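Report on the following structure.
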Amino acid sequence: MSELTSEMRAIKDKMKAVWSAGDFGVIARIIEAEDTAFIHRLNIKPGSKVLDAACGTGNCSLPAAKMGAHVTGMDLVPDLIRQANERALAENLNIKFDVGDAEAMPYGDNEFDYVVSMFGVMFAPRPDVSVSELLRVCKPGGIIAMANWTPEGFVGKFFKLAASYAPPPPGLPAPVEWGNEIIVSKRFGSNVSDLKLTRCIMDMKIPMTPTETAEHYIEYFGPTKVLYNMLNSEARERFKKDFVKIWEDHNIASDGSTNVEHEYLEVVAVKK
């Protein structure tokens, strides 16, 4: 891999700081059941070698290990790896967790039967580099599986709101492009023998009001916490009002809780 430019190094350092803020483990618990369902749909065979790339706190690593796979989890953020290790130890699961970059994975060529990433690798700033790495570490005939937020879904709308308060660096592709079927097909191109793209809905149920949910994300979800803290007091009030509103506008619960449908694109590719 070529030497990083100073600009790209700064972007990666900022990403690490953003995902280190708050406590993503608290947010990860909200989507844990969906991660487990995603892994189970892959029908991973016992003894398979699985890489959970950009693994966060291990939501995909743990169920894969319970299916009998030999699992390695990797993430850019040391504290998320610490939490993932603690979770694996608590459940007596033998999972190897590493700190690493999805654009420069510390693994050999053709090493894994399955390379999975749920709402993880999509945030790497250079998709051409990350897709090359996903393909490199996967065995021929192996499976690369991703779950990526769509531009049209709730998270895509949240990212659009966030960008209106703090525009991203110019020239970087939006993470939700990984939720666009045409773009994903082009990124994998002729390197795969089969590519299945399925839009899925995650029913996110949170036992809080929309206002409490927005406050919860501001406290614990790194990107929201960092954005909120960088704003002045007037902009914070406006952002919080806008943030509460998108939870309210998409809430299908009527009992005082929050239930919002989150759309994502499930990607299952077979490497040639």
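Labels used: A, B, ... for chains in the order of the structure tokens, numbers from 1 for residues in each chain, and numbers from 1 for ligands as shown.
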Quiz item: Contacts of region 24-33 of chain A at 8 Å or less, counting only C-alpha atoms, minus same-chain residues fewer than 5 places along, as a PyMOL selection string?
Solution: chain A and resi 19+56-57+59+80+83+204-206+217+220-222
Write the selection just made, keeping N, CA and C atoms, as a PDB file, in the first residue's frame?
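So the final result, stored in selection.pdb, reads:
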ATOM      1  N   TRP A  19     -15.223   7.817  16.196  1.00  0.00           N
ATOM      2  CA  TRP A  19     -15.779   6.529  16.628  1.00  0.00           C
ATOM      3  C   TRP A  19     -15.316   6.133  18.026  1.00  0.00           C
ATOM      4  N   GLY A  56     -16.395  -3.310  15.175  1.00  0.00           N
ATOM      5  CA  GLY A  56     -17.006  -2.627  16.314  1.00  0.00           C
ATOM      6  C   GLY A  56     -16.803  -3.434  17.584  1.00  0.00           C
ATOM      7  N   THR A  57     -17.874  -3.631  18.326  1.00  0.00           N
ATOM      8  CA  THR A  57     -17.783  -4.367  19.590  1.00  0.00           C
ATOM      9  C   THR A  57     -18.089  -5.860  19.428  1.00  0.00           C
ATOM     10  N   ASN A  59     -20.511  -7.505  17.280  1.00  0.00           N
ATOM     11  CA  ASN A  59     -21.884  -7.985  17.073  1.00  0.00           C
ATOM     12  C   ASN A  59     -21.985  -9.109  16.051  1.00  0.00           C
ATOM     13  N   LEU A  80     -13.062  -0.100  20.951  1.00  0.00           N
ATOM     14  CA  LEU A  80     -14.073  -1.038  20.465  1.00  0.00           C
ATOM     15  C   LEU A  80     -13.527  -2.464  20.491  1.00  0.00           C
ATOM     16  N   GLN A  83     -13.731  -3.681  24.059  1.00  0.00           N
ATOM     17  CA  GLN A  83     -15.078  -4.116  24.408  1.00  0.00           C
ATOM     18  C   GLN A  83     -15.413  -5.460  23.762  1.00  0.00           C
ATOM     19  N   MET A 204     -36.044  -1.012  14.282  1.00  0.00           N
ATOM     20  CA  MET A 204     -35.307  -0.584  15.462  1.00  0.00           C
ATOM     21  C   MET A 204     -36.276  -0.089  16.535  1.00  0.00           C
ATOM     22  N   LYS A 205     -36.419  -0.879  17.575  1.00  0.00           N
ATOM     23  CA  LYS A 205     -37.327  -0.543  18.669  1.00  0.00           C
ATOM     24  C   LYS A 205     -36.518  -0.081  19.879  1.00  0.00           C
ATOM     25  N   ILE A 206     -36.818   1.110  20.350  1.00  0.00           N
ATOM     26  CA  ILE A 206     -36.077   1.703  21.458  1.00  0.00           C
ATOM     27  C   ILE A 206     -37.083   2.120  22.532  1.00  0.00           C
ATOM     28  N   TYR A 217     -28.560   9.216  21.535  1.00  0.00           N
ATOM     29  CA  TYR A 217     -27.577   9.191  20.462  1.00  0.00           C
ATOM     30  C   TYR A 217     -26.556  10.317  20.610  1.00  0.00           C
ATOM     31  N   TYR A 220     -24.161   8.931  23.306  1.00  0.00           N
ATOM     32  CA  TYR A 220     -23.404   7.693  23.140  1.00  0.00           C
ATOM     33  C   TYR A 220     -22.895   7.418  21.728  1.00  0.00           C
ATOM     34  N   PHE A 221     -23.528   7.972  20.692  1.00  0.00           N
ATOM     35  CA  PHE A 221     -23.123   7.681  19.313  1.00  0.00           C
ATOM     36  C   PHE A 221     -22.065   8.689  18.897  1.00  0.00           C
ATOM     37  N   GLY A 222     -20.833   8.190  18.673  1.00  0.00           N
ATOM     38  CA  GLY A 222     -19.697   9.071  18.432  1.00  0.00           C
ATOM     39  C   GLY A 222     -19.926  10.165  17.400  1.00  0.00           C
TER      40      GLY A 222
END
Find the spatial neighbours of region 159-168 of chain A, counting only C-alpha atoms, within a cut-off of 12 Å - ignore same-chain residues fewer than 6 positions away - and output them as an mmCIF file with N, CA and C atoms, in the first residue's frame.
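Printed below is result34.cif as written:
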data_model
loop_
_atom_site.group_PDB
_atom_site.id
_atom_site.type_symbol
_atom_site.label_atom_id
_atom_site.label_comp_id
_atom_site.auth_asym_id
_atom_site.auth_seq_id
_atom_site.Cartn_x
_atom_site.Cartn_y
_atom_site.Cartn_z
ATOM 1 N N ILE A 11 -7.667 12.588 7.923
ATOM 2 C CA ILE A 11 -9.037 12.071 7.832
ATOM 3 C C ILE A 11 -9.185 10.809 8.671
ATOM 4 N N LYS A 14 -9.143 11.594 12.356
ATOM 5 C CA LYS A 14 -10.428 12.165 12.773
ATOM 6 C C LYS A 14 -11.491 11.077 12.893
ATOM 7 N N MET A 15 -11.493 10.140 11.937
ATOM 8 C CA MET A 15 -12.450 9.027 11.999
ATOM 9 C C MET A 15 -12.269 8.237 13.288
ATOM 10 N N PHE A 123 -17.734 2.836 6.012
ATOM 11 C CA PHE A 123 -17.257 4.141 6.473
ATOM 12 C C PHE A 123 -15.792 4.400 6.135
ATOM 13 N N PRO A 125 -12.774 5.664 4.112
ATOM 14 C CA PRO A 125 -12.891 6.834 3.230
ATOM 15 C C PRO A 125 -12.631 6.575 1.753
ATOM 16 N N TRP A 149 -26.013 0.934 5.067
ATOM 17 C CA TRP A 149 -27.158 1.847 5.074
ATOM 18 C C TRP A 149 -27.389 2.423 3.687
ATOM 19 N N THR A 150 -28.650 2.595 3.325
ATOM 20 C CA THR A 150 -28.991 3.149 2.007
ATOM 21 C C THR A 150 -29.139 4.668 2.079
ATOM 22 N N PRO A 151 -28.936 5.361 0.964
ATOM 23 C CA PRO A 151 -29.125 6.813 0.950
ATOM 24 C C PRO A 151 -30.562 7.224 1.258
ATOM 25 N N GLU A 152 -31.518 6.355 0.852
ATOM 26 C CA GLU A 152 -32.934 6.720 1.001
ATOM 27 C C GLU A 152 -33.486 6.399 2.381
ATOM 28 N N GLY A 153 -32.789 5.579 3.144
ATOM 29 C CA GLY A 153 -33.287 5.133 4.441
ATOM 30 C C GLY A 153 -33.098 6.161 5.538
ATOM 31 N N ALA A 174 -19.639 9.499 -0.270
ATOM 32 C CA ALA A 174 -20.497 9.343 0.900
ATOM 33 C C ALA A 174 -20.562 7.862 1.283
ATOM 34 N N PRO A 175 -20.488 7.545 2.584
ATOM 35 C CA PRO A 175 -20.572 6.137 3.002
ATOM 36 C C PRO A 175 -21.813 5.429 2.477
ATOM 37 N N VAL A 176 -22.946 6.165 2.378
ATOM 38 C CA VAL A 176 -24.187 5.511 1.948
ATOM 39 C C VAL A 176 -24.197 5.157 0.467
ATOM 40 N N GLU A 177 -23.154 5.525 -0.283
ATOM 41 C CA GLU A 177 -23.048 5.018 -1.651
ATOM 42 C C GLU A 177 -22.924 3.496 -1.659
ATOM 43 N N ILE A 218 -27.001 11.482 21.040
ATOM 44 C CA ILE A 218 -26.067 12.591 21.251
ATOM 45 C C ILE A 218 -25.058 12.240 22.343
ATOM 46 N N PRO A 223 -20.375 9.827 16.169
ATOM 47 C CA PRO A 223 -20.559 10.884 15.166
ATOM 48 C C PRO A 223 -21.519 11.979 15.605
ATOM 49 N N THR A 224 -22.599 11.599 16.287
ATOM 50 C CA THR A 224 -23.561 12.601 16.742
ATOM 51 C C THR A 224 -22.984 13.419 17.900
ATOM 52 N N LYS A 225 -22.310 12.749 18.806
ATOM 53 C CA LYS A 225 -21.715 13.429 19.961
ATOM 54 C C LYS A 225 -20.686 14.465 19.516
ATOM 55 N N VAL A 226 -19.803 14.059 18.590
ATOM 56 C CA VAL A 226 -18.768 14.978 18.108
ATOM 57 C C VAL A 226 -19.385 16.170 17.389
ATOM 58 N N LEU A 227 -20.368 15.894 16.526
ATOM 59 C CA LEU A 227 -21.037 16.984 15.811
ATOM 60 C C LEU A 227 -21.685 17.948 16.793
ATOM 61 N N TYR A 228 -22.436 17.422 17.739
ATOM 62 C CA TYR A 228 -23.147 18.266 18.706
ATOM 63 C C TYR A 228 -22.169 19.128 19.503
ATOM 64 N N ASN A 229 -21.072 18.546 19.932
ATOM 65 C CA ASN A 229 -20.117 19.278 20.769
ATOM 66 C C ASN A 229 -19.346 20.350 20.007
ATOM 67 N N MET A 230 -19.249 20.211 18.693
ATOM 68 C CA MET A 230 -18.513 21.212 17.920
ATOM 69 C C MET A 230 -19.365 22.438 17.566
ATOM 70 N N LEU A 231 -20.679 22.333 17.764
ATOM 71 C CA LEU A 231 -21.575 23.433 17.423
ATOM 72 C C LEU A 231 -21.646 24.455 18.561
ATOM 73 N N ASN A 232 -21.949 25.700 18.195
ATOM 74 C CA ASN A 232 -22.199 26.697 19.243
ATOM 75 C C ASN A 232 -23.583 26.463 19.845
ATOM 76 N N GLU A 234 -26.401 28.036 19.950
ATOM 77 C CA GLU A 234 -27.577 28.257 19.095
ATOM 78 C C GLU A 234 -27.733 27.122 18.086
ATOM 79 N N ALA A 235 -26.616 26.738 17.454
ATOM 80 C CA ALA A 235 -26.658 25.662 16.464
ATOM 81 C C ALA A 235 -26.998 24.325 17.131
ATOM 82 N N ARG A 236 -26.545 24.131 18.365
ATOM 83 C CA ARG A 236 -26.884 22.899 19.088
ATOM 84 C C ARG A 236 -28.387 22.766 19.265
ATOM 85 N N GLU A 237 -29.027 23.850 19.637
ATOM 86 C CA GLU A 237 -30.475 23.814 19.836
ATOM 87 C C GLU A 237 -31.192 23.501 18.536
ATOM 88 N N ARG A 238 -30.731 24.112 17.441
ATOM 89 C CA ARG A 238 -31.349 23.854 16.140
ATOM 90 C C ARG A 238 -31.138 22.400 15.720
ATOM 91 N N PHE A 239 -29.909 21.912 15.901
ATOM 92 C CA PHE A 239 -29.618 20.534 15.525
ATOM 93 C C PHE A 239 -30.453 19.561 16.340
ATOM 94 N N LYS A 240 -30.516 19.780 17.639
ATOM 95 C CA LYS A 240 -31.277 18.859 18.484
ATOM 96 C C LYS A 240 -32.748 18.847 18.071
ATOM 97 N N LYS A 241 -33.299 20.009 17.770
ATOM 98 C CA LYS A 241 -34.692 20.077 17.331
ATOM 99 C C LYS A 241 -34.876 19.315 16.021
ATOM 100 N N ASP A 242 -33.955 19.496 15.079
ATOM 101 C CA ASP A 242 -34.033 18.789 13.801
ATOM 102 C C ASP A 242 -33.856 17.283 13.983
ATOM 103 N N PHE A 243 -32.958 16.911 14.879
ATOM 104 C CA PHE A 243 -32.674 15.504 15.125
ATOM 105 C C PHE A 243 -33.877 14.814 15.763
ATOM 106 N N VAL A 244 -34.483 15.465 16.731
ATOM 107 C CA VAL A 244 -35.702 14.918 17.348
ATOM 108 C C VAL A 244 -36.789 14.757 16.299
ATOM 109 N N LYS A 245 -36.887 15.743 15.405
ATOM 110 C CA LYS A 245 -37.962 15.728 14.404
ATOM 111 C C LYS A 245 -37.854 14.536 13.461
ATOM 112 N N ILE A 246 -36.624 14.162 13.042
ATOM 113 C CA ILE A 246 -36.562 13.027 12.116
ATOM 114 C C ILE A 246 -36.921 11.723 12.835
#
Practice problem: Would you please extract all strand (DSSP E or B) residues from region 31-249 of chain A, as assigned by DSSP on the backbone, and give them as a ChimeraX atom specification? | Solution: /A:49-53,70-75,96-99,101,104,112-118,138-149,192-206
Just-selected residues, N, CA and C atoms written as a compact mmCIF listing (two decimals), in the first residue's frame:
# COMPACT_ATOMS: atom_id res chain seq x y z
N LYS A 49 -13.11 -20.11 8.26
CA LYS A 49 -12.36 -18.94 8.74
C LYS A 49 -13.14 -17.68 8.37
N VAL A 50 -13.48 -16.89 9.39
CA VAL A 50 -14.32 -15.71 9.18
C VAL A 50 -13.57 -14.47 9.65
N LEU A 51 -13.57 -13.43 8.83
CA LEU A 51 -13.07 -12.12 9.23
C LEU A 51 -14.24 -11.16 9.35
N ASP A 52 -14.38 -10.56 10.53
CA ASP A 52 -15.36 -9.51 10.75
C ASP A 52 -14.61 -8.19 10.65
N ALA A 53 -14.69 -7.55 9.48
CA ALA A 53 -13.93 -6.34 9.20
C ALA A 53 -14.68 -5.11 9.71
N HIS A 70 -13.97 -20.19 12.99
CA HIS A 70 -12.74 -19.62 13.56
C HIS A 70 -12.75 -18.13 13.18
N VAL A 71 -13.00 -17.27 14.14
CA VAL A 71 -13.32 -15.87 13.85
C VAL A 71 -12.18 -14.94 14.24
N THR A 72 -11.91 -14.00 13.35
CA THR A 72 -11.03 -12.87 13.62
C THR A 72 -11.84 -11.59 13.44
N GLY A 73 -11.76 -10.69 14.40
CA GLY A 73 -12.42 -9.40 14.30
C GLY A 73 -11.38 -8.30 14.26
N MET A 74 -11.64 -7.28 13.46
CA MET A 74 -10.67 -6.19 13.31
C MET A 74 -11.40 -4.85 13.26
N ASP A 75 -10.86 -3.87 13.97
CA ASP A 75 -11.45 -2.54 13.93
C ASP A 75 -10.36 -1.49 14.12
N LYS A 96 -10.14 -14.00 17.92
CA LYS A 96 -8.95 -13.16 17.84
C LYS A 96 -9.38 -11.77 17.37
N PHE A 97 -9.10 -10.76 18.18
CA PHE A 97 -9.46 -9.38 17.82
C PHE A 97 -8.18 -8.56 17.63
N ASP A 98 -8.14 -7.81 16.54
CA ASP A 98 -6.98 -6.98 16.20
C ASP A 98 -7.42 -5.54 15.94
N VAL A 99 -6.53 -4.62 16.27
CA VAL A 99 -6.70 -3.23 15.83
C VAL A 99 -6.13 -3.16 14.42
N ASP A 101 -6.83 -1.39 10.07
CA ASP A 101 -7.49 -0.49 9.12
C ASP A 101 -8.08 -1.32 7.98
N ALA A 104 -6.06 -1.40 4.90
CA ALA A 104 -4.73 -2.02 4.94
C ALA A 104 -4.78 -3.15 5.97
N PHE A 112 -9.41 -15.98 4.19
CA PHE A 112 -10.68 -16.22 4.87
C PHE A 112 -11.74 -16.79 3.93
N ASP A 113 -12.57 -17.69 4.49
CA ASP A 113 -13.71 -18.23 3.74
C ASP A 113 -14.85 -17.21 3.66
N TYR A 114 -14.99 -16.42 4.72
CA TYR A 114 -16.02 -15.38 4.78
C TYR A 114 -15.38 -14.09 5.26
N VAL A 115 -15.69 -13.00 4.58
CA VAL A 115 -15.29 -11.68 5.04
C VAL A 115 -16.57 -10.87 5.18
N VAL A 116 -16.90 -10.50 6.39
CA VAL A 116 -18.19 -9.86 6.65
C VAL A 116 -17.98 -8.46 7.24
N SER A 117 -18.94 -7.61 7.01
CA SER A 117 -18.90 -6.27 7.61
C SER A 117 -20.31 -5.69 7.64
N MET A 118 -20.78 -5.44 8.84
CA MET A 118 -22.11 -4.85 8.99
C MET A 118 -21.98 -3.42 9.49
N CYS A 138 -10.04 -12.52 0.98
CA CYS A 138 -11.05 -13.57 0.82
C CYS A 138 -10.52 -14.65 -0.13
N LYS A 139 -10.77 -15.90 0.21
CA LYS A 139 -10.36 -17.02 -0.65
C LYS A 139 -11.17 -17.02 -1.95
N PRO A 140 -10.61 -17.52 -3.04
CA PRO A 140 -11.42 -17.74 -4.24
C PRO A 140 -12.59 -18.66 -3.92
N GLY A 141 -13.78 -18.26 -4.33
CA GLY A 141 -14.98 -19.01 -4.00
C GLY A 141 -15.56 -18.66 -2.65
N GLY A 142 -14.86 -17.80 -1.92
CA GLY A 142 -15.34 -17.36 -0.61
C GLY A 142 -16.40 -16.27 -0.71
N ILE A 143 -16.98 -15.97 0.44
CA ILE A 143 -18.11 -15.03 0.50
C ILE A 143 -17.66 -13.71 1.12
N ILE A 144 -18.01 -12.62 0.47
CA ILE A 144 -17.89 -11.29 1.05
C ILE A 144 -19.31 -10.79 1.29
N ALA A 145 -19.63 -10.52 2.54
CA ALA A 145 -21.00 -10.11 2.90
C ALA A 145 -20.94 -8.79 3.65
N MET A 146 -21.78 -7.86 3.22
CA MET A 146 -21.84 -6.53 3.84
C MET A 146 -23.29 -6.15 4.11
N ALA A 147 -23.49 -5.32 5.11
CA ALA A 147 -24.77 -4.65 5.31
C ALA A 147 -24.46 -3.17 5.36
N ASN A 148 -25.09 -2.40 4.48
CA ASN A 148 -24.76 -0.99 4.31
C ASN A 148 -26.02 -0.14 4.31
N TRP A 149 -26.01 0.93 5.07
CA TRP A 149 -27.16 1.85 5.07
C TRP A 149 -27.39 2.42 3.69
N VAL A 192 -16.06 -10.82 -8.98
CA VAL A 192 -16.94 -11.76 -8.30
C VAL A 192 -17.72 -12.57 -9.33
N SER A 193 -18.03 -13.81 -8.96
CA SER A 193 -18.78 -14.68 -9.88
C SER A 193 -20.28 -14.60 -9.62
N ASP A 194 -20.64 -14.07 -8.46
CA ASP A 194 -22.06 -13.92 -8.13
C ASP A 194 -22.20 -12.75 -7.17
N LEU A 195 -23.28 -12.00 -7.33
CA LEU A 195 -23.50 -10.84 -6.46
C LEU A 195 -25.00 -10.71 -6.21
N LYS A 196 -25.39 -10.90 -4.96
CA LYS A 196 -26.80 -10.74 -4.58
C LYS A 196 -26.96 -9.47 -3.74
N LEU A 197 -27.88 -8.63 -4.16
CA LEU A 197 -28.11 -7.35 -3.48
C LEU A 197 -29.57 -7.30 -3.05
N THR A 198 -29.79 -7.21 -1.75
CA THR A 198 -31.15 -7.28 -1.21
C THR A 198 -31.39 -6.14 -0.24
N ARG A 199 -32.43 -5.38 -0.47
CA ARG A 199 -32.78 -4.32 0.50
C ARG A 199 -33.53 -4.95 1.67
N CYS A 200 -33.09 -4.62 2.87
CA CYS A 200 -33.67 -5.18 4.09
C CYS A 200 -34.12 -4.05 5.00
N ILE A 201 -35.04 -4.38 5.88
CA ILE A 201 -35.53 -3.41 6.87
C ILE A 201 -35.21 -3.93 8.27
N MET A 202 -34.52 -3.11 9.03
CA MET A 202 -34.30 -3.40 10.44
C MET A 202 -35.31 -2.60 11.24
N ASP A 203 -36.12 -3.30 11.99
CA ASP A 203 -37.13 -2.65 12.84
C ASP A 203 -36.44 -2.26 14.15
N MET A 204 -36.04 -1.01 14.28
CA MET A 204 -35.31 -0.58 15.46
C MET A 204 -36.28 -0.09 16.53
N LYS A 205 -36.42 -0.88 17.57
CA LYS A 205 -37.33 -0.54 18.67
C LYS A 205 -36.52 -0.08 19.88
N ILE A 206 -36.82 1.11 20.35
CA ILE A 206 -36.08 1.70 21.46
C ILE A 206 -37.08 2.12 22.53
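Each of A:Ser20, A:Val155, A:Pro210, A:Ala124 was compared to Pro78 (chain A) using only C-alpha atoms, and A:Ser20 turns out to be the nearest.
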From the DSSP assignment of the backbone, select every residue of region 118-181 of chain A that is alpha helix (DSSP H), and format the answer as a PDB file with N, CA and C atoms, in the first residue's frame.
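Written file, out09.pdb:
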ATOM      1  N   PRO A 127     -13.353   3.824  -0.940  1.00  0.00           N
ATOM      2  CA  PRO A 127     -14.002   2.545  -1.263  1.00  0.00           C
ATOM      3  C   PRO A 127     -13.233   1.700  -2.269  1.00  0.00           C
ATOM      4  N   ASP A 128     -12.495   2.329  -3.176  1.00  0.00           N
ATOM      5  CA  ASP A 128     -11.715   1.535  -4.123  1.00  0.00           C
ATOM      6  C   ASP A 128     -10.637   0.741  -3.400  1.00  0.00           C
ATOM      7  N   VAL A 129     -10.077   1.328  -2.345  1.00  0.00           N
ATOM      8  CA  VAL A 129      -9.038   0.643  -1.573  1.00  0.00           C
ATOM      9  C   VAL A 129      -9.663  -0.440  -0.694  1.00  0.00           C
ATOM     10  N   SER A 130     -10.775  -0.100  -0.038  1.00  0.00           N
ATOM     11  CA  SER A 130     -11.383  -1.074   0.882  1.00  0.00           C
ATOM     12  C   SER A 130     -11.944  -2.275   0.129  1.00  0.00           C
ATOM     13  N   VAL A 131     -12.545  -2.075  -1.039  1.00  0.00           N
ATOM     14  CA  VAL A 131     -13.073  -3.227  -1.786  1.00  0.00           C
ATOM     15  C   VAL A 131     -11.924  -4.106  -2.274  1.00  0.00           C
ATOM     16  N   SER A 132     -10.812  -3.486  -2.619  1.00  0.00           N
ATOM     17  CA  SER A 132      -9.636  -4.262  -3.018  1.00  0.00           C
ATOM     18  C   SER A 132      -9.139  -5.126  -1.868  1.00  0.00           C
ATOM     19  N   GLU A 133      -9.177  -4.590  -0.646  1.00  0.00           N
ATOM     20  CA  GLU A 133      -8.751  -5.343   0.528  1.00  0.00           C
ATOM     21  C   GLU A 133      -9.732  -6.469   0.868  1.00  0.00           C
ATOM     22  N   LEU A 134     -11.027  -6.188   0.767  1.00  0.00           N
ATOM     23  CA  LEU A 134     -12.020  -7.241   1.003  1.00  0.00           C
ATOM     24  C   LEU A 134     -11.787  -8.421   0.065  1.00  0.00           C
ATOM     25  N   LEU A 135     -11.518  -8.117  -1.199  1.00  0.00           N
ATOM     26  CA  LEU A 135     -11.282  -9.168  -2.183  1.00  0.00           C
ATOM     27  C   LEU A 135      -9.949  -9.874  -1.932  1.00  0.00           C
ATOM     28  N   ARG A 136      -8.945  -9.123  -1.547  1.00  0.00           N
ATOM     29  CA  ARG A 136      -7.608  -9.706  -1.366  1.00  0.00           C
ATOM     30  C   ARG A 136      -7.579 -10.777  -0.282  1.00  0.00           C
ATOM     31  N   VAL A 137      -8.220 -10.489   0.861  1.00  0.00           N
ATOM     32  CA  VAL A 137      -8.116 -11.414   1.997  1.00  0.00           C
ATOM     33  C   VAL A 137      -9.114 -12.572   1.913  1.00  0.00           C
ATOM     34  N   PHE A 154     -33.494   5.793   6.737  1.00  0.00           N
ATOM     35  CA  PHE A 154     -33.443   6.711   7.872  1.00  0.00           C
ATOM     36  C   PHE A 154     -32.026   7.199   8.142  1.00  0.00           C
ATOM     37  N   VAL A 155     -31.052   6.294   8.123  1.00  0.00           N
ATOM     38  CA  VAL A 155     -29.679   6.702   8.422  1.00  0.00           C
ATOM     39  C   VAL A 155     -29.139   7.622   7.332  1.00  0.00           C
ATOM     40  N   GLY A 156     -29.504   7.348   6.079  1.00  0.00           N
ATOM     41  CA  GLY A 156     -29.120   8.247   5.000  1.00  0.00           C
ATOM     42  C   GLY A 156     -29.659   9.651   5.219  1.00  0.00           C
ATOM     43  N   LYS A 157     -30.885   9.742   5.705  1.00  0.00           N
ATOM     44  CA  LYS A 157     -31.471  11.060   5.993  1.00  0.00           C
ATOM     45  C   LYS A 157     -30.767  11.736   7.172  1.00  0.00           C
ATOM     46  N   PHE A 158     -30.370  10.919   8.166  1.00  0.00           N
ATOM     47  CA  PHE A 158     -29.629  11.487   9.290  1.00  0.00           C
ATOM     48  C   PHE A 158     -28.284  12.043   8.824  1.00  0.00           C
ATOM     49  N   PHE A 159     -27.570  11.277   7.963  1.00  0.00           N
ATOM     50  CA  PHE A 159     -26.278  11.754   7.466  1.00  0.00           C
ATOM     51  C   PHE A 159     -26.441  13.059   6.683  1.00  0.00           C
ATOM     52  N   LYS A 160     -27.533  13.160   5.950  1.00  0.00           N
ATOM     53  CA  LYS A 160     -27.796  14.386   5.196  1.00  0.00           C
ATOM     54  C   LYS A 160     -28.019  15.555   6.155  1.00  0.00           C
ATOM     55  N   LEU A 161     -28.748  15.307   7.237  1.00  0.00           N
ATOM     56  CA  LEU A 161     -28.955  16.342   8.249  1.00  0.00           C
ATOM     57  C   LEU A 161     -27.619  16.737   8.868  1.00  0.00           C
ATOM     58  N   ALA A 162     -26.806  15.765   9.252  1.00  0.00           N
ATOM     59  CA  ALA A 162     -25.515  16.061   9.867  1.00  0.00           C
ATOM     60  C   ALA A 162     -24.632  16.875   8.935  1.00  0.00           C
ATOM     61  N   ALA A 163     -24.656  16.526   7.637  1.00  0.00           N
ATOM     62  CA  ALA A 163     -23.820  17.235   6.666  1.00  0.00           C
ATOM     63  C   ALA A 163     -24.251  18.685   6.493  1.00  0.00           C
ATOM     64  N   SER A 164     -25.527  18.967   6.765  1.00  0.00           N
ATOM     65  CA  SER A 164     -25.989  20.356   6.656  1.00  0.00           C
ATOM     66  C   SER A 164     -25.419  21.222   7.781  1.00  0.00           C
ATOM     67  N   TYR A 165     -24.979  20.589   8.870  1.00  0.00           N
ATOM     68  CA  TYR A 165     -24.355  21.313   9.973  1.00  0.00           C
ATOM     69  C   TYR A 165     -22.830  21.266   9.910  1.00  0.00           C
ATOM     70  N   GLU A 181     -27.225  -0.035  -5.251  1.00  0.00           N
ATOM     71  CA  GLU A 181     -26.952  -1.280  -5.977  1.00  0.00           C
ATOM     72  C   GLU A 181     -26.036  -1.079  -7.184  1.00  0.00           C
TER      73      GLU A 181
END
If we count only C-alpha atoms and set the cut-off at 9 Å, which residues sit around Leu42 (chain A), ignoring sequence neighbours fewer than 2 positions away in its own chain? Please answer as a PDB file with C-alpha atoms, in the first residue's frame.
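Contents of selection-v3.pdb, as written:
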ATOM      1  CA  ALA A  37     -29.786 -12.522  11.872  1.00  0.00           C
ATOM      2  CA  PHE A  38     -27.430 -11.229   9.163  1.00  0.00           C
ATOM      3  CA  ILE A  39     -24.754 -13.763  10.176  1.00  0.00           C
ATOM      4  CA  HIS A  40     -27.238 -16.641  10.414  1.00  0.00           C
ATOM      5  CA  ILE A  44     -21.533 -20.278   7.932  1.00  0.00           C
ATOM      6  CA  LYS A  45     -20.161 -23.797   8.211  1.00  0.00           C
ATOM      7  CA  ILE A 143     -18.107 -15.029   0.496  1.00  0.00           C
ATOM      8  CA  ALA A 145     -20.996 -10.108   2.896  1.00  0.00           C
ATOM      9  CA  VAL A 268     -23.438 -11.136  -0.695  1.00  0.00           C
TER      10      VAL A 268
END
Practice problem: For CA of Glu86 (chain A) and CA of Leu62 (chain A), quote the distance in Å rounded to one decimal. | Solution: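 So the answer is 11.2 Å.
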Exercise. Show which residues sit within 8 Å of Arg126 (chain A), as a ChimeraX atom specification. Count only C-alpha atoms, and ignore same-chain residues fewer than 4 positions away.
Key: /A:103,130,172-173
Exercise. Work out how far apart CA of Ala54 (chain A) and CA of Glu215 (chain A) are and give it in Å to one decimal.
Key: 25.6 Å
Quiz item: Between CA of Gly22 (chain A) and CA of Glu219 (chain A), what is the distance, to one decimal in Å?
Solution: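 Straight-line distance from CA of Gly22 (chain A) to CA of Glu219 (chain A) works out to 6.0 Å.
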